[in-house]
Each structure stands twice: as C-alpha cells, then as structure tokens.
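These notes concern the structure reproduced below.
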2 protein chains.
Amino acid sequence: MPRDLLVDVELRRGRLRRTLQEVLRCAIQDGRLGSGTTLPSSRTLAGDLGVSRGVVTDVYDQLQAEGYVELRARRAPVVIAVARATASASDPPAPIWRYDFVATTPDVDLFPRRAWIRFLERSLRTAPPAVFDYGDHRGRIELRRAIRDYLARVRGVRTEPERIVITQGFTQALDLLCRVLIDRGAKTIAFETPSLPDAWATARMSGLNVVGCPVDRNGLDVDQLRSLNPDAVVTTPAHQFPTGAVMTPDRRRHLIAWAESAGHVIVEDDYDAEFRYDRLGVGAVQGLDPDHVIHVGTASKTLAPAIRLAWMSLPGHLIDDIRKAKGTADSGSPALDQLVLADLVASGEYDRHIGLARRTYRQRRDRLVTSLAEALPEVRVFGADAGLHVVLDLPDDFDDVALANEAARHGIAIRALSPMTLGGIRRQGLLLGYGKLAVERVRDAVFALAAILKPRLR
Amino acid sequence: MPRDLLVDVELRRGRLRRTLQEVLRCAIQDGRLGSGTTLPSSRTLAGDLGVSRGVVTDVYDQLQAEGYVELRARRAPVVIAVARATASASDPPAPIWRYDFVATTPDVDLFPRRAWIRFLERSLRTAPPAVFDYGDHRGRIELRRAIRDYLARVRGVRTEPERIVITQGFTQALDLLCRVLIDRGAKTIAFETPSLPDAWATARMSGLNVVGCPVDRNGLDVDQLRSLNPDAVVTTPAHQFPTGAVMTPDRRRHLIAWAESAGHVIVEDDYDAEFRYDRLGVGAVQGLDPDHVIHVGTASKTLAPAIRLAWMSLPGHLIDDIRKAKGTADSGSPALDQLVLADLVASGEYDRHIGLARRTYRQRRDRLVTSLAEALPEVRVFGADAGLHVVLDLPDDFDDVALANEAARHGIAIRALSPMTLGGIRRQGLLLGYGKLAVERVRDAVFALAAILKPRLR
C-alpha cells in the first residue's frame with residue numbers, strides 16, 4: 001500500500017474512521033488501488049498507522065458494505081473492480097461583452113438587496129416552523145394574497161388567492177399549463193409571431209404542436225387566430241414581445257369572443273407592463289374575462305430573473321389540475337423568497353422599486369432613441385413606448401443573424417429578430433435592450449453598433 | 001354614478017389618475033357599473049371631483065384601451081359588457097394534529113435560521129450582479145463545487161461540478177430524467193415496492209410505465225429487476241424507503257452489472273443516508289459506477305423541504321439533455337438559496353447541523369423503540385437503524401388504511417404501508433416518523449396509538 005496514503009491518514013487523525021475510509025475508497029475509485037490488490041491485514045495496517053485494530057476492521061467492514069473490497073475469513077482483504085468514469089469536459093469561460101444589448105434581462109444592479117435582506121431577516125425571525133415544511137403546492141398564501149391585491153390595483157386583474165399558483169418563472173407556468181392541456185386532449189398552441197423561441201420549446205416538450213399567429217401594429221391578429229383555431233394561445237397584449245405593439249380595444253374584445261365561443265384558453269404573458277413611458281400601463285385582458293384568460297405575471301423583469309418567481313391567475317376549471325401538475329413536477333416552489341416578495345409587495349417597497357427602475361429605464365430609452373436618430377437616421381425604430389428594448393427594423397433582404405454574429409465578434413451582444421419568426425414572413429431586425437446599458441454608455445454602444453451596420457445599409 | 005365611488009376617489013387623491021382608473025375599472029368588473037351604463041361626460045365628472053378635465057379624459061382613454069368603455073365623439077362614454085368570473089371556493093383549514101407521525105419531514109424546528117441569514121447577508125453584500133441574472137441552467141457553480149466536495153467526502157460519490165444539475169427537490173430530478181428518457185424511447189421505469197406513490201405519479205406524468213420491483217431485507221431484488229428489465233430503476237440502497245433495508249454488497253454489484261450489461265440507468269435516491277445511528281452511513285452505489293448511476297441528494301431531510309434544493313450527479317451522456325430539460329421546464333432554479341447552501345456546506349456548518357440533527361433524532365429513535373417495546377411488544381418493528389422513521393409490521397389480514405383513518409379521527413397523523421405497494425404482495429404496516437415528535441412526546445404518542453391498535457391485534 002503506497003506510503004503517501006498512510007501519511008494522508010495520519011495527517012487527518014481527528015476523525016479517524018471516516019478519514020481512513022475516505023482515503024481508501026478514493027484510492028480504489030481512482031485506480032491507485034487497482035482491482036485485485038491485496039490490502040494489508042487489519043492487524044498490519046493498524047500497526048502501521050498506530051491506531052487500534054478495531055478502527056481498521058470497522059473501515060474494512062464499511063468498504064465491504066459499499067462494494068469496494070471483499071473480506072474472506074483469515075485472508076487479507078482484496079480490492080474489487082470499480083468502473084472508471086468517463087472524463088467530462090470542463091466548461092468554456094463565459095464571453096465578456098463590450099456592450100450588451102440583451103433584451104430579456106432588466107438591470108440587476110438595481111436589485112433591492114437591502115430591502116430583501118431586511119424582509120428575509122424578519123421572515124426568518126417570525127415565521128412559524130411550518131414555513132420550512134412541504135406546503136400548499138400553489139405557493140405561500142402570504143404571497144398569493146399580496147399578489148392578488150397588487151394585480152387588482154395595478155393590472156386590473158380579477159383573481160383570488162385560491163386561484164393563484166406560484167411558479168418558477170413564466171417558463172414553468174407555461175410548462176404546467178401545456179402538460180394539463182395535453183392531458184385534456186389539446187393538440188395545438190399558438191404563439192405570436194414574432195415571439196421568443198424558448199417558449200415554443202417549452203410547449204413542444206409536452207408534445208403540443210406549435211403554430212405562429214401574426215402580429216401587426218394592433219397586436220395579435222385575431223382573425224388569423226380564428227382560422228388557425230388552436231386549443232390555446234399565448235399572447236402579450238399590454239406590450240407585444242418583441243415588436244412592442246399594444247393590442248387595441250377591438251382586438252381585445254374579439255380575442256375574448258374567440259375564447260368564449262370555442263371554450264379555448266388565452267395565456268396572457270404580462271411580463272413587463274409595469275414599464276410604460278407614455279401613459280399608465282394598459283390593464284390586463286384577464287380583467288375582461290377571468291374564466292377564459294390565464295394571467296401570468298413575473299418578478300423576472302421588475303426585480304431579477306434569478307428570483308424565479310411568477311404567478312398564474314387561473315380560471316376555476318384549471319386550478320386543481322395545475323396545482324396537481326405543480327406538485328407532481330417539483331413538490332412546490334421554495335418558501336423563503338416567496339415570503340420576502342410578499343412583504344416587498346404588501347409594504348409598497350415593490351412599487352417604489354418599480355418607480356425607480358422606470359425612471360432609470362426611461363432615461364436610457366430616451367438616450368437610445370436620440371442616439372439612434374443621430375447614428376442611424378435611415379433605420380426605423382419601433383417599440384420605444386414601453387419595456388426594456390426597442391426594435392430596429394431592417395430591410396427584407398438583410399441577414400440579421402449574420403449581422404448579430406458580426407456584432408458579437410466586435411464584443412457587442414445583440415439578438416436578431418428573424419429567428420423569432422414562427423412560420424410566415426421572416427422579418428429582419430435587431431433587438432436593442434437597455435437593461436444592461438447604463439445611460440452614459442448607451443450612445444457609445446449605439447455608435448459601435450452603427451459602425452458595423454452602416455456599411456451594410458448602402 | 002354612485003356617490004360612494006366619488007368619495008372613494010376623493011379620499012385617495014394622491015395618485016389621482018391611477019386611483020380613478022382603478023375605482024372605475026373595479027366597479028365595471030364587479031357589476032356595480034353594468035353593461036350599457038352611461039358614464040358622466042369628462043367635463044361633468046371633473047367638476048364633481050374638483051379635478052382638471054385632463055385627468056378624467058386620460059382615465060377614460062385608458063379604460064377604452066383596456067376594453068371597459070366605449071368612447072364616441074361628442075357623446076358620453078358607455079360601459080361595455082364584462083364577463084362575470086365564477087366564484088372559487090376558499091380553502092378548508094388545515095387539520096391540527098395531536099401527534100404527527102409524518103415520515104417524510106425532518107424536524108424543521110432545527111432549521112439553522114441564524115446561519116442562513118448570516119450567509120445570505122454575506123452573499124447579498126458580495127455577490128456580483130450577474131448572480132441576479134439568468135444563469136447556467138445546471139445551477140450556481142458555487143453550489144455545484146461545494147456539493148461535489150461534500151459528496152466525495154461523505155457519500156463516496158464520484159462527480160464533478162460540470163456533471164451536477166441542481167433541481168427543485170428529488171421530485172424535479174425524477175421529472176427531468178423521465179422526460180429525457182421518454183424522449184430517448186424509454187418505456188418503463190421500475191420503483192421499489194414498497195415506495196412513495198408520489199414518485200410513481202411523477203414518472204407517469206411523462207408517459208412512462210411504472211412497475212414495482214420487490215424489496216427484501218437485503219434491499220432491491222436484482223434478480224426480479226433483471227426479469228422485469230425496465231429502462232431505468234429508482235432505488236434507495238443506503239436506506240430503503242420505507243422498509244429501512246440496506247442493500248448488501250452482492251446486490252450492489254449485481255445491480256451495477258445489470259445496468260452495464262443492458263445500458264440501463266440506475267437512479268440512486270440518496271435521501272437521508274446522513275442519518276444512520278449504528279455505523280457510518282453506507283457510501284453511495286454511484287461511486288462504483290458513475291457512468292450508469294445517477295446519484296440524487298437533497299436538502300429536504302438534512303435541512304428542510306421548503307428549501308427545495310436537490311442535486312443530480314449525472315453520467316456524461318445525460319448532462320446536456322438534463323440541462324436542456326431543466327432550462328425548458330423552468331429556466332433554472334432560484335440563485336440566492338443556492339449561494340447560501342454553498343456557503344453552509346463549504347464552511348462546515350452543514351456538517352455541524354447534520355451532527356446536531358443526528359443526535360436529536362437518535363434520542364427520539366431510542367425513545368420510540370423502547371416505548372414500542374413497552375406498549376406494543378407483540379408488534380415487530382423494523383428500519384430503526386437509520387432515517388427518520390420506523391415501520392410497524394402488521395399481520396396480513398389487517399387493514400392498515402382503515403387504522404390510519406381511525407388514528408386521524410383521534411388526532412394522530414400516521415401513514416399506512418400498503419398504499420406504497422406497487423403490484424405484488426400488499427404488505428400491511430404503519431410508518432412512525434419522528435421528525436415532528438419532540439423526544440418528551442414520543443412515549444405519549446406511542447401509547448395513544450397503541451390504544452387504537454391494541455384492541456385490533458387480538
């Protein structure tokens with residue numbers, strides 16, 4: 001037996017049995033003690049290490065129980081063959097961007113760290129032990145109550161704590177719904193085109209067919225939806241992602257009428273309605289018909305994606321199934337963050353934070369729009385009234401993906417519009433998010449992008 | 001227009017536009033302002049409220065945009081019909097138990113609240129902003145590193161941070177795996193019988209067939225597994241749930257040989273190996289063959305279920321698919337709790353907590369075993385060497401479910417064994433968990449149960 005193994009053990013004699021076991025097991029696993037190797041007798045090894053023989057026999061027993069050695073009466077223990085693990089590649093380093101125009105992340109520098117820790121401290125001091133146990137799969141009642149009040153007040157949503165299910169972001173809300181729908185015999189779900197491909201992947205994972213329904217300046221084209229007639233549709237009425245269109249009152253009513261007539265479901269992805277710069281946020285469609293619209297709100301844009309908290313407001317006939325699906329998928333979401341968010345919302349701190357964030361983003365938006373007018377006057381910009389990004393419209397014969405790749409080579413992270421097209425006409429464009437661009441860097445970022453874009457516009 | 005609505009508005013003039021909009025929208029939604037109601041002209045309402053006319057026209061515009069009123073030139077606005085929501089039943093109150101023998105929850109009173117807040121405070125003070133953004137769908141690298149070291153040291157698991165995926169408890173680990181397996185053409189997954197029905201439901205949700213493989217005092221019966229030949233098996237080798245059997249070295253080797261010969265997957269649910277009272281915890285089977293065993297550990301028993309953190313150590317060929325499934329299912333787990341757990345583990349606080357919990361549970365276990373010997377000497381008890389519960393063996397002609405229901409009527413929460421049988425022989429028994437029973441209440445709880453059980457044993 002190699003001398004260095006013994007030294008290893010001697011150096012860590014405090015927890016003798018455990019350490020000896022660990023060292024021997026490790027040596028067998030990594031092949032230093034190969035299959036068939038005869039280990040010293042317990043008497044010999046105990047003598048070498050200067051420990052009692054009982055320690056060594058305990059460890060040999062343990063290694064036998066785990067399947068690493070074979071013990072035979074009156075003979076030395078023998079190492080048993082262990083499979084070698086195939087090596088795994090380590091991760092490449094993440095790229096560092098000069099300018100990051102990512103359109104789906106807010107400014108996480110604004111995250112209210114102090115308020116968060118203060119409220120968590122309070123929760124941990126006062127929460128009954130049951131908070132740490134398994135709970136209602138819909139989520140903590142404190143958060144569902146706070147969200148109910150917030151949604152009624154700010155978004156015109158009609159719901160009750162009993163109808164709310166807390167999920168791991170919009171992604172999980174969509175996943176749970178798709179699983180329930182397919183169980184009920186649904187075949188097809190429509191998404192707006194353009195929209196985020198990640199969401200299509202989520203719907204497809206459950207086996208639903210995904211179809212695209214066009215969007216124009218008035219929002220989702222409900223006539224087209226009617227002819228597609230899917231079992232459900234995911235829509236962003238308050239602020240279409242990524243085009244920025246607001247659904248008109250007429251369209252809202254037609255959308256509801258479609259769902260009512262066919263018994264279908266509307267999923268209202270209300271991801272960033274809080275950030276509207278020209279007027280008050282347009283209230284949720286759900287308020288018009290809570291029995292046919294599932295409203296999904298999220299803290300991913302208002303606070304931070306890594307909090308992973310979203311909330312579905314459900315029609316009565318879906319509550320039990322979604323709750324069950326949530327339990328079967330993950331036995332419920334973690335409790336502590338829910339308590340903290342409940343306090344943030346109920347105390348008004350959440351509103352204050354959103355107000356601060358809105359002012360910050362508005363400045364960046366203004367700077368972005370004026371910089372674009374200066375650097376790229378020939379390019380049309382849309383979607384500047386709200387949210388965390390604008391869209392640069394590009395000519396149809398453009399290759400926006402190639403352009404985004406070229407920008408990446410220059411240290412600029414930017415997302416192309418055309419991969420967000422789901423069937424039909426491929427629109428060319430770029431999404432310029434300002435969640436990660438401090439106002440004083442916006443102009444430089446725009447000019448750096450323009451330097452790449454300009455030569456191709458001629 | 002009702003006078004009380006106006007008063008409402010006047011009382012909250014601070015945020016005038018928003019308040020007026022909210023009040024009117026609410027009144028339309030709940031039917032106080034019914035479909036077809038003519039609202040006062042903006043001039044009249046502004047006069048009544050003593051506000052500028054612009055405020056009222058803004059609000060009317062907003063309500064039109066949201067679909068609640070119709071505006072026509074030179075005519076008063078009219079309320080549009082809004083669907084009524086069906087009422088939802090409110091939740092019944094949770095039962096309060098005199099004695100709670102739940103077997104799946106540790107003592108959450110022991111949760112290290114102070115250490116948790118201390119580490120969170122540190123993380124929030126020092127974490128770079130990127131922590132709050134979307135991240136690697138496998139979870140925070142800090143936690144994956146800490147878990148790798150912990151698993152190697154305490155469980156003999158061979159893994160790397162790149163091979164670990166953090167999940168929302170064991171439930172989600174199983175769900176993700178089932179989704180990936182069925183995508184690869186798998187049809188059947190085996191569970192030990194008896195085992196937890198909740199896990200069967202999770203596997204079934206993805207469309208896998210669930211079969212039961214018997215367990216005896218040596219753990220999973222691998223010969224039976226070989227003849228069932230499922231695509232995967234879920235097993236609890238260190239401490240079978242619920243029987244408490246430890247898988248023998250021979251069985252461990254045969255299990256591995258089965259997986260290797262057929263290219264199948266073993267899911268090692270290593271849920272509470274930390275709580276072993278007669279010897280060191282038996283190391284994980286995964287250490288014998290990391291390319292065929294998926295090891296799943298969890299903080300649900302060591303810390304608290306509501307933390308919802310578990311970790312899968314994956315064979316190389318599953319990493320990419322599980323990572324993708326996790327992203328598509330929920331875009332990753334929340335970050336902050338992961339940072340805190342990483343610090344707890346790396347600092348040794350986690351080990352200290354487990355040591356304290358083990359001593360606490362050991363006392364309760366001892367008291368439980370002696371109380372049972374005193375109160376119910378005729379009943380066989382098994383599974384007392386480890387974990388958070390023991391099993392009372394009942395005669396085959398017993399109805400353990402009826403008995404559990406009877407106990408519930410006496411304020412005693414207890415779980416029957418037979419519903420955990422998955423095909424084959426239904427074993428009758430009761431699970432006596434001591435996670436929620438302080439040591440000084442154990443004896444009373446046992447005698448209260450014996451009072452119900454005794455008359456039926458004759």
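Chain labels run A, B, ... following the order of the structure tokens; each chain numbers its residues from 1, and ligands are numbered from 1 in the order shown.
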> as a VMD selection string, which residues of stretch 173-237 of chain A does DSSP assign to strand (DSSP E or B)?
Replying inline: chain A and resid 188 to 193 209 to 216 219 to 220 232 to 235
Please dump the current selection as a PDB file, in the first residue's frame; keep N, CA and C atoms.
ATOM      1  N   THR A 188     -52.842  21.694 -30.150  1.00  0.00           N
ATOM      2  CA  THR A 188     -52.114  22.815 -30.747  1.00  0.00           C
ATOM      3  C   THR A 188     -52.161  24.047 -29.864  1.00  0.00           C
ATOM      4  N   ILE A 189     -51.029  24.737 -29.780  1.00  0.00           N
ATOM      5  CA  ILE A 189     -50.994  26.012 -29.087  1.00  0.00           C
ATOM      6  C   ILE A 189     -50.383  27.038 -30.034  1.00  0.00           C
ATOM      7  N   ALA A 190     -50.980  28.241 -30.063  1.00  0.00           N
ATOM      8  CA  ALA A 190     -50.469  29.297 -30.945  1.00  0.00           C
ATOM      9  C   ALA A 190     -49.635  30.285 -30.140  1.00  0.00           C
ATOM     10  N   PHE A 191     -48.552  30.730 -30.761  1.00  0.00           N
ATOM     11  CA  PHE A 191     -47.760  31.824 -30.219  1.00  0.00           C
ATOM     12  C   PHE A 191     -47.784  32.959 -31.220  1.00  0.00           C
ATOM     13  N   GLU A 192     -47.571  34.153 -30.722  1.00  0.00           N
ATOM     14  CA  GLU A 192     -47.453  35.285 -31.624  1.00  0.00           C
ATOM     15  C   GLU A 192     -46.187  35.121 -32.460  1.00  0.00           C
ATOM     16  N   THR A 193     -46.229  35.578 -33.696  1.00  0.00           N
ATOM     17  CA  THR A 193     -45.010  35.612 -34.477  1.00  0.00           C
ATOM     18  C   THR A 193     -44.775  37.057 -34.903  1.00  0.00           C
ATOM     19  N   ASN A 209     -48.387  20.760 -30.600  1.00  0.00           N
ATOM     20  CA  ASN A 209     -47.944  21.402 -31.835  1.00  0.00           C
ATOM     21  C   ASN A 209     -47.939  22.899 -31.634  1.00  0.00           C
ATOM     22  N   VAL A 210     -46.928  23.541 -32.178  1.00  0.00           N
ATOM     23  CA  VAL A 210     -46.791  24.979 -32.015  1.00  0.00           C
ATOM     24  C   VAL A 210     -47.025  25.648 -33.357  1.00  0.00           C
ATOM     25  N   VAL A 211     -47.962  26.612 -33.398  1.00  0.00           N
ATOM     26  CA  VAL A 211     -48.180  27.364 -34.634  1.00  0.00           C
ATOM     27  C   VAL A 211     -48.021  28.851 -34.342  1.00  0.00           C
ATOM     28  N   GLY A 212     -47.686  29.616 -35.391  1.00  0.00           N
ATOM     29  CA  GLY A 212     -47.495  31.051 -35.230  1.00  0.00           C
ATOM     30  C   GLY A 212     -48.708  31.825 -35.711  1.00  0.00           C
ATOM     31  N   CYS A 213     -49.078  32.859 -34.972  1.00  0.00           N
ATOM     32  CA  CYS A 213     -50.172  33.727 -35.391  1.00  0.00           C
ATOM     33  C   CYS A 213     -49.609  35.140 -35.542  1.00  0.00           C
ATOM     34  N   PRO A 214     -49.800  35.765 -36.688  1.00  0.00           N
ATOM     35  CA  PRO A 214     -49.137  37.052 -36.953  1.00  0.00           C
ATOM     36  C   PRO A 214     -49.574  38.166 -36.003  1.00  0.00           C
ATOM     37  N   VAL A 215     -48.664  39.122 -35.891  1.00  0.00           N
ATOM     38  CA  VAL A 215     -48.877  40.311 -35.073  1.00  0.00           C
ATOM     39  C   VAL A 215     -48.701  41.517 -35.992  1.00  0.00           C
ATOM     40  N   ASP A 216     -49.577  42.512 -35.862  1.00  0.00           N
ATOM     41  CA  ASP A 216     -49.330  43.761 -36.584  1.00  0.00           C
ATOM     42  C   ASP A 216     -49.288  44.895 -35.578  1.00  0.00           C
ATOM     43  N   GLY A 219     -51.424  44.582 -32.499  1.00  0.00           N
ATOM     44  CA  GLY A 219     -51.280  43.384 -31.674  1.00  0.00           C
ATOM     45  C   GLY A 219     -51.643  42.123 -32.441  1.00  0.00           C
ATOM     46  N   LEU A 220     -51.944  41.077 -31.722  1.00  0.00           N
ATOM     47  CA  LEU A 220     -52.263  39.768 -32.312  1.00  0.00           C
ATOM     48  C   LEU A 220     -53.411  39.881 -33.320  1.00  0.00           C
ATOM     49  N   ALA A 232     -55.183  26.726 -27.552  1.00  0.00           N
ATOM     50  CA  ALA A 232     -54.801  27.810 -26.640  1.00  0.00           C
ATOM     51  C   ALA A 232     -53.908  28.775 -27.395  1.00  0.00           C
ATOM     52  N   VAL A 233     -53.803  29.996 -26.876  1.00  0.00           N
ATOM     53  CA  VAL A 233     -52.907  30.972 -27.493  1.00  0.00           C
ATOM     54  C   VAL A 233     -52.145  31.705 -26.386  1.00  0.00           C
ATOM     55  N   VAL A 234     -50.870  31.957 -26.650  1.00  0.00           N
ATOM     56  CA  VAL A 234     -50.061  32.745 -25.725  1.00  0.00           C
ATOM     57  C   VAL A 234     -49.878  34.129 -26.341  1.00  0.00           C
ATOM     58  N   THR A 235     -50.232  35.143 -25.583  1.00  0.00           N
ATOM     59  CA  THR A 235     -50.200  36.487 -26.156  1.00  0.00           C
ATOM     60  C   THR A 235     -49.673  37.499 -25.144  1.00  0.00           C
TER      61      THR A 235
END
>> If we count only C-alpha atoms and set the cut-off at 8 Å, which residues sit around stretch 402-417 of chain A, ignoring sequence neighbours fewer than 3 positions away in its own chain? Please answer as a list in words.
In response: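 Surrounding residues, per the criterion: Ile96, Trp97, Arg98, Tyr99, Asp100, Phe101, Val102, Ala103, Pro194, Asp399, Met420, Thr421, Arg427, Gln428, Gly429, Leu430, Leu431, Leu432, Leu449, Ile452 and Leu453 of chain A.
Each of A:Glu378, A:Asp278, A:Asp337, A:Asp397 was checked against chain B using only C-alpha atoms; the smallest atom-to-atom distance is that of A:Asp337.
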> Which residue gives the smallest distance to chain B among A:Asp109, A:Asp320, A:Glu70, A:Asp396, with only C-alpha atoms counted?
Replying inline: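 Checking each candidate against chain B, we get A:Asp109 as the closest.
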Under the rule of at most 6 Å, produce a per-residue listing of chain B near chain A: chain, number, name, the closest pair of atoms, and the distance in Å, as JSON lines, using only C-alpha atoms.
{"residue": "B:Ala65", "atom": "CA", "partner": "A:Pro249", "partner_atom": "CA", "distance": 5.1}
{"residue": "B:Glu66", "atom": "CA", "partner": "A:Gly283", "partner_atom": "CA", "distance": 5.6}
{"residue": "B:Gly67", "atom": "CA", "partner": "A:Pro249", "partner_atom": "CA", "distance": 4.7}
{"residue": "B:Val82", "atom": "CA", "partner": "A:Leu288", "partner_atom": "CA", "distance": 5.2}
{"residue": "B:Ala83", "atom": "CA", "partner": "A:Asp289", "partner_atom": "CA", "distance": 4.9}
{"residue": "B:Ala85", "atom": "CA", "partner": "A:Pro290", "partner_atom": "CA", "distance": 5.5}
{"residue": "B:Val108", "atom": "CA", "partner": "A:Pro129", "partner_atom": "CA", "distance": 5.9}
{"residue": "B:Asp109", "atom": "CA", "partner": "A:Pro129", "partner_atom": "CA", "distance": 5.6}
{"residue": "B:Pro129", "atom": "CA", "partner": "A:Asp109", "partner_atom": "CA", "distance": 5.6}
{"residue": "B:Phe132", "atom": "CA", "partner": "A:Ala306", "partner_atom": "CA", "distance": 4.7}
{"residue": "B:Asp133", "atom": "CA", "partner": "A:Ala306", "partner_atom": "CA", "distance": 5.3}
{"residue": "B:Tyr134", "atom": "CA", "partner": "A:Pro305", "partner_atom": "CA", "distance": 5.6}
{"residue": "B:Gln168", "atom": "CA", "partner": "A:Asp330", "partner_atom": "CA", "distance": 5.7}
{"residue": "B:Thr171", "atom": "CA", "partner": "A:Asp330", "partner_atom": "CA", "distance": 4.9}
{"residue": "B:Gln172", "atom": "CA", "partner": "A:Asp330", "partner_atom": "CA", "distance": 4.5}
{"residue": "B:Thr202", "atom": "CA", "partner": "A:Thr328", "partner_atom": "CA", "distance": 5.1}
{"residue": "B:Pro249", "atom": "CA", "partner": "A:Gly67", "partner_atom": "CA", "distance": 4.7}
{"residue": "B:Gly283", "atom": "CA", "partner": "A:Glu66", "partner_atom": "CA", "distance": 5.6}
{"residue": "B:Leu288", "atom": "CA", "partner": "A:Val82", "partner_atom": "CA", "distance": 5.3}
{"residue": "B:Asp289", "atom": "CA", "partner": "A:Ala83", "partner_atom": "CA", "distance": 4.9}
{"residue": "B:Pro290", "atom": "CA", "partner": "A:Ala85", "partner_atom": "CA", "distance": 5.5}
{"residue": "B:Asp291", "atom": "CA", "partner": "A:Ala85", "partner_atom": "CA", "distance": 5.8}
{"residue": "B:Ala304", "atom": "CA", "partner": "A:Phe132", "partner_atom": "CA", "distance": 5.6}
{"residue": "B:Pro305", "atom": "CA", "partner": "A:Asp133", "partner_atom": "CA", "distance": 5.3}
{"residue": "B:Ala306", "atom": "CA", "partner": "A:Phe132", "partner_atom": "CA", "distance": 4.7}
{"residue": "B:Ile307", "atom": "CA", "partner": "A:Pro334", "partner_atom": "CA", "distance": 5.1}
{"residue": "B:Arg308", "atom": "CA", "partner": "A:Pro334", "partner_atom": "CA", "distance": 5.2}
{"residue": "B:Thr328", "atom": "CA", "partner": "A:Thr202", "partner_atom": "CA", "distance": 5.1}
{"residue": "B:Ala329", "atom": "CA", "partner": "A:Gln172", "partner_atom": "CA", "distance": 5.6}
{"residue": "B:Asp330", "atom": "CA", "partner": "A:Gln172", "partner_atom": "CA", "distance": 4.5}
{"residue": "B:Pro334", "atom": "CA", "partner": "A:Ile307", "partner_atom": "CA", "distance": 5.1}
{"residue": "B:Ala335", "atom": "CA", "partner": "A:Ala306", "partner_atom": "CA", "distance": 5.4}
> Mind checking DSSP for stretch 221-294 of chain A and telling me the alpha helix (DSSP H) residues as a PyMOL selection string?
Replying inline: chain A and resi 222-228+249-262
>> Env of A:Val439: 7 Å cut, atoms = only C-alpha atoms, seq-sep filter 3 positions within chain, self excluded. Answer as a PyMOL selection string.
In response: chain A and resi 363-364+367+442
